[in-house]
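Asker: One structure, as structure tokens, below. Some questions next.
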Amino acid sequence: MSNDLLITVENVTLRFGGVVSLRDVSLEMRRGEILAVIGPNGAGKTSLFNSVTGVYQPQEGKITFSSQKAPPLSVIGKKTHRIARAGVTRTFQASRLFSALTVFENAKIGAEDHSGIGVVGALVKGPRTRRGEKESDRVASEVLKFVGLFPEAHTIASQLSYGARRRLEIARALATDPEVILLDEPAAGTNPSEKLELTTLIRRVRDERGVSVLLIEHDMRLVMALAERLYVLNFGSVIAEGTPEEIRANQDVVDAYLGTTHDETSA
Amino acid sequence: MNLLTRKSLKRLFGTLAFFALAAVMTGGPGGFGVPAYTGVHASYLEPVSYFGLFRTQRWSIFLTLGILAWLIISLYQPHALTIRRRLEPVTALPNRVMQRRTNRWVLIGVVIVIALFLPKFVHEQFWMYLIVEQIGVWILLALGLNVVVGFAGLLDLGFAAFYAIGAYATAWFTGVLPTPAPFHHPIPTLWCIPIAVGLAMIFGILLGIPTLRLRGDYLAIVTLGFALIIDDFVGTQSGLTGGGEGSLTTPTFSMNVGFWHYHWGINPTPYYYLCFIFVVVFLIVFTSLEYSRVGRAWVAIREDEVAAQSIGINPLKYKVSAFAVGAASGGFGGVLTAGLIGNINPTLFQYQVSVNVLILVIFGGMGSIWGVAIGAIIVQFVTSYLDNYQPWGYQLNDLYMYIGALLIIMMIFRPAGILPSRRRQREISGYETEHEGHLDEVLAGDEP
């Protein structure tokens with residue numbers, strides 16, 4: 001059912017000068033699924049993320065985000081903050097929190113409505129501003145409870161452990177009330193127990209909040225445990241698509257990860 | 001303790017070199033045909049002698065100071081850690097006291113009471129003038145630049161431009177420029193406030209929209225260029241702005257509301273209260289901005305623009321708003337200056353003004369509203385004092401040498417300013433916080 005499509009990427013090509021980062025990539029993401037994009041380093045996974053969130057502007061192709069609340073949005077050419085407000089939010093490979101602010105403030109910034117400038121509202125503190133404040137406080141504490149960071153609401157973000165920072169980043173993204181959240185290597189640099197927590201958390205994001213998840217990850221165990229479908233990128237092209245079982249059995253994928261010549265697999 | 005170790009002797013040479021440099025730089029300017037008792041020459045030619053062995057006074061004073069400093073450092077160094085640890089309760093006291101909300105309010109109350117009764121203690125008109133013109137106006141300027149540099153993290157090297165726009169707009173609308181007032185109908189100086197502030201904001205927005213896409217250094221250069229253009233424009237367009245001579249005398253402030261008439265006249269005290277009211281208003285406005293949605297968005301942009309965008313913040317819009325808010329305060333300072341000193345001319349808005357405002361912000365603590373206000377009071381007071389009394393052979397030209405030295409020392413020992421913003425301090429030192437209060441307080445927000 002095409003009605004169920006959330007993000008469609010059609011024949012996207014992204015070049016930087018002579019370097020082709022994405023080559024004719026097509027991808028379909030359905031509403032409510034956990035989809036993973038895997039591939040070796042430099043395969044173009046993060047470029048794909050950046051194209052979907054409006055950081056990069058691909059030269060060819062079409063990316064459409066079909067929101068439930070608004071008419072479909074053609075992503076290419078739109079500014080990142082516009083796309084974020086439409087309901088596509090993300091986390092980053094290296095965590096990018098507002099490190100001088102408290103955990104609570106980090107989540108609250110995500111929850112706030114940034115469509116107006118609000119200088120006047122901030123000065124007059126009318127009922128609308130106060131209602132907005134209260135609402136974003138509520139959302140912020142709710143998402144912090146969701147990721148289990150509420151007890152540390154007062155802590156400065158830079159003091160958190162690595163795993164906690166990852167969770168805070170997810171909380172901040174969730175506070176924007178997104179329809180889809182893009183996670184760029186959420187488990188990078190975390191220890192095994194944190195990894196387990198993250199796996200549960202990501203599944204809960206989808207199950208309890210109904211937010212679709214698009215995931216880039218290197219940790220195959222985590223990907224195979226979480227993702228319902230996978231796309232495999234190599235050298236900027238999609239080389240395979242399917243369920244975890246299908247991907248595991250796909251010879252092209254094994255080649256891409258372990259080298260093309262089968263003899264070398266033992267090395 | 002052995003003073004003759006290699007390390008210790010090295011330190012001696014270092015200290016002496018430092019004091020020799022200080023001796024030379026703080027001496028008179030000297031020059032060709034100038035008597036030998038000034039300048040570098042003075043350090044060895046001056047005939048006055050303290051000890052007979054040394055031939056000059058300055059020379060021996062600085063040598064003695066150097067050796068004394070070296071001795072003190074040598075004595076202090078082995079015990080530095082212990083001393084610092086022992087003194088910790090004392091040095092940490094201000095921060096600990098200020099962390100309690102009640103204490104903060106008490107301090108603010110005390111400051112306000114002192115400020116209210118200040119004219120009762122200052123009897124010299126001259127000093128009242130200085131307080132308004134050199135301190136009050138500069139607090140406004142520093143508070144405005146603090147929004148741009150401290151909150152939004154945009155380096156603005158041309159803040160004097162908005163100050164100039166405010167002042168010249170006032171002169172224009174009151175009809176004291178060669179070009180006639182709009183509609184040939186001069187208006188009272190007080191009514192110029194909204195107009196001048198509005199104009200400064202419009203210029204801030206017009207400058208901001210095309211340039212705020214630039215980052216860091218590039219933006220700094222653009223703002224610098226803008227200030228130079230404004231400075232040059234008011235300095236050379238004699239037909240419009242009066243050129244180097246500036247305006248005629250701007251009428252003093254006066255207020256006519258119904259039957260109530262008030263004229264500020266030439267006595268500085270009423271200006272003091274006018275200025276005081278506006279400083280308080282701006283303090284309140286900027287504080288509530290800092291802890292609002294807008295303030296948080298500014299911090300987000302300053303810390304990580306990419307992350308800020310990813311949660312829906314439009315950086316350009318918020319940067320422009322920071323520019324406009326800062327410009328408003330700059331324009332305000334301009335109106336006040338015009339009403340206060342009457343004749344405005346380009347020398348008041350030179351590049352040095354921008355630098356000076358930036359120094360006040362850095363000294364007080366970028367992003368810290370109270371820090372910037374207090375920093376402005378201290379620096380401007382000391383500067384005015386030095387300028388007018390010239391104690392200890394102080395020379396007017398040496399001012400920026402001392403301020404430069406002060407900034408260098410600040411960056412080494414207190415990089416976040418004398419009263420650092422808590423958010424900024426965390427950015428600089430990576431962290432520090434004490435958990436005060438209960439979780440429920442979190443929901444009430446970070447600040448009163």
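Within each chain, counting starts at residue 1; across the structure tokens, chains are named A, B, ... in the order shown, with ligands numbered 1 upward in that order.
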Counting only C-alpha atoms, a student should be able to say which residues of chain B come within 6 Å of chain A; what is the right answer, written as a list in words?

Answerer: Leu289, Ser292, Glu303, Gln309, Ser310, Ile311, Gly312, Ile313, Asn314, Arg423, Arg426 and Glu427 of chain B

Asker: Can you tell me, as a PyMOL selection string, what residues are no more than 9 Å from Val52 of chain A when counting only C-alpha atoms, ignoring any on the same chain fewer than 3 positions away?

Answerer: chain A and resi 7+9+47-49+55-57+63-65+75-76+83+88

Asker: Find the residues around Ile193 of chain B up to 9 Å (only C-alpha atoms counted), leave out those fewer than 2 positions away in its own chain, and share them as a PyMOL selection string.

Answerer: chain B and resi 166+170+189-191+195-198+331-332+335-336

Asker: Restricting it to C-alpha atoms, dump the selection as a compact mmCIF listing (two decimals), in the first residue's frame.

Answerer:
```
# COMPACT_ATOMS: atom_id res chain seq x y z
CA GLY B 166 20.88 55.94 17.65
CA THR B 170 18.16 61.61 17.53
CA THR B 189 14.44 64.47 22.28
CA LEU B 190 12.53 62.10 24.51
CA TRP B 191 10.21 61.13 21.66
CA ILE B 195 12.35 56.13 16.68
CA ALA B 196 16.10 55.84 17.22
CA VAL B 197 15.82 52.44 18.83
CA GLY B 198 13.56 51.26 16.02
CA GLY B 331 20.61 52.77 19.73
CA PHE B 332 19.29 53.58 23.15
CA VAL B 335 19.81 58.70 22.24
CA LEU B 336 20.96 59.15 25.80
```

Asker: What's the separation between atom CA of Asp184 of chain A and atom CA of Arg296 of chain B, in Å to one decimal place?

Answerer: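 If I compute the distance from atom CA of Asp184 of chain A to atom CA of Arg296 of chain B, I get 24.9 Å.
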
Asker: Find, counting only C-alpha atoms, the residue in B:Leu12, B:Tyr385, B:Ile369, B:Ala69 that gets nearest to Ser288 of chain B.

Answerer: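 The closest residue to Ser288 of chain B is B:Ile369.
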
Asker: I'd like the interatomic distance between atom CA of Arg96 of chain B and atom CA of Ala107 of chain A, to a tenth of an Å.

Answerer: 27.4 Å

Asker: I'd like to know which residues of segment 123-307 of chain B are strand (DSSP E or B) (by DSSP, run on the backbone); could you write them as a PyMOL selection string?

Answerer: chain B and resi 254-257+260-263

Asker: Just to be explicit: take each residue in the selection above, keep C-alpha atoms, and write the result as a PDB file, in the first residue's frame.

Answerer:
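Okay, out_26.pdb is ready:
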```
ATOM      1  CA  SER B 254      11.897  67.285  28.484  1.00  0.00           C
ATOM      2  CA  MET B 255       8.540  65.740  29.184  1.00  0.00           C
ATOM      3  CA  ASN B 256       5.148  67.350  28.817  1.00  0.00           C
ATOM      4  CA  VAL B 257       2.281  65.159  29.827  1.00  0.00           C
ATOM      5  CA  TRP B 260       2.918  67.955  34.137  1.00  0.00           C
ATOM      6  CA  HIS B 261       6.109  69.391  32.725  1.00  0.00           C
ATOM      7  CA  TYR B 262       9.589  68.256  33.455  1.00  0.00           C
ATOM      8  CA  HIS B 263      12.868  69.452  32.015  1.00  0.00           C
TER       9      HIS B 263
END
```

Asker: Using only C-alpha atoms, which of A:Leu168, A:Met220, A:Leu230, A:Leu22 sits nearest Val103 of chain A?

Answerer: A:Leu168

Asker: Please provide as a list in words all residues within 10 Å of Asn11 of chain A, with the sequence filter that same-chain residues fewer than 5 positions apart are discarded (counting only C-alpha atoms).

Answerer: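 My reading of the contact set: Leu22, Arg23, Asp24, Val25, Ser26, Leu27, Glu60, Gly61, Lys62 and Ile63 of chain A.
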
Asker: Give me the segment 237-305 of chain B side of the contact with segment 223-231 of chain B, cut-off 12 Å, one line per residue showing its nearest atom pair and distance in Å at one decimal, counting only C-alpha atoms, sorted by chain and residue number, as a tab-separated table.

Answerer:
```
residue	atom	partner	partner_atom	distance
B:Gln237	CA	B:Asp231	CA	10.4
B:Thr241	CA	B:Asp231	CA	11.0
B:Gly243	CA	B:Asp231	CA	10.2
B:Gly244	CA	B:Asp231	CA	10.4
B:Gly246	CA	B:Asp231	CA	11.9
```

Asker: As an exercise, work out the distance from atom CA of Leu155 of chain B to atom CA of Ile418 of chain B in Å and give it to one decimal place.

Answerer: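 Calculated distance between atom CA of Leu155 of chain B and atom CA of Ile418 of chain B is 19.7 Å.
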
Asker: Could you tell me which of A:Asp252, A:Glu185, A:Glu208, A:Glu33 comes closest to Val223 of chain A if we count only C-alpha atoms?

Answerer: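 Distance minimum relative to Val223 of chain A lands on A:Glu185.
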
Asker: Considering only C-alpha atoms, can you say which of B:Phe183, B:Tyr318, B:Phe203, B:Trp370 comes closest to Gly153 of chain B?

Answerer: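 The shortest atom-to-atom distance to Gly153 of chain B comes from B:Tyr318.
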
Asker: Can you tell me, as a ChimeraX atom specification, which residues in segment 185-320 of chain B count as helix (DSSP H, G or I) by DSSP?

Answerer: /B:189-211,216-236,238-241,243-245,268-290,293-303,305-310,315-320

Asker: Residues within 12 Å of segment 401-410 of chain B, please, as a compact mmCIF listing (two decimals) with C-alpha atoms, in the first residue's frame. Count only C-alpha atoms; anything in the same chain fewer than 6 positions from it doesn't count.

Answerer:
```txt
# COMPACT_ATOMS: atom_id res chain seq x y z
CA ALA B 22 57.36 47.36 32.36
CA MET B 25 56.85 50.84 28.62
CA THR B 26 55.45 52.82 31.51
CA VAL B 355 36.57 47.51 20.91
CA ASN B 356 35.98 49.13 24.26
CA LEU B 358 33.75 44.32 23.67
CA ILE B 359 36.39 44.66 26.39
CA LEU B 360 33.69 45.44 28.95
CA VAL B 361 31.76 42.34 27.93
CA ILE B 362 34.82 40.09 28.06
CA PHE B 363 35.97 41.54 31.37
CA GLY B 364 32.60 41.19 33.05
CA GLY B 365 31.94 37.72 31.71
CA VAL B 379 36.45 49.35 33.98
CA GLN B 380 34.73 52.62 33.12
CA VAL B 382 38.89 53.18 36.72
CA THR B 383 39.37 54.58 33.22
CA LEU B 386 42.88 57.62 35.52
CA TYR B 394 49.96 57.78 34.51
CA GLN B 395 49.89 58.86 30.88
CA ALA B 416 35.06 33.39 31.87
CA GLY B 417 35.14 36.92 33.29
CA ILE B 418 34.88 38.36 36.78
CA LEU B 419 31.33 37.17 37.34
CA PRO B 420 31.00 34.33 34.87
```
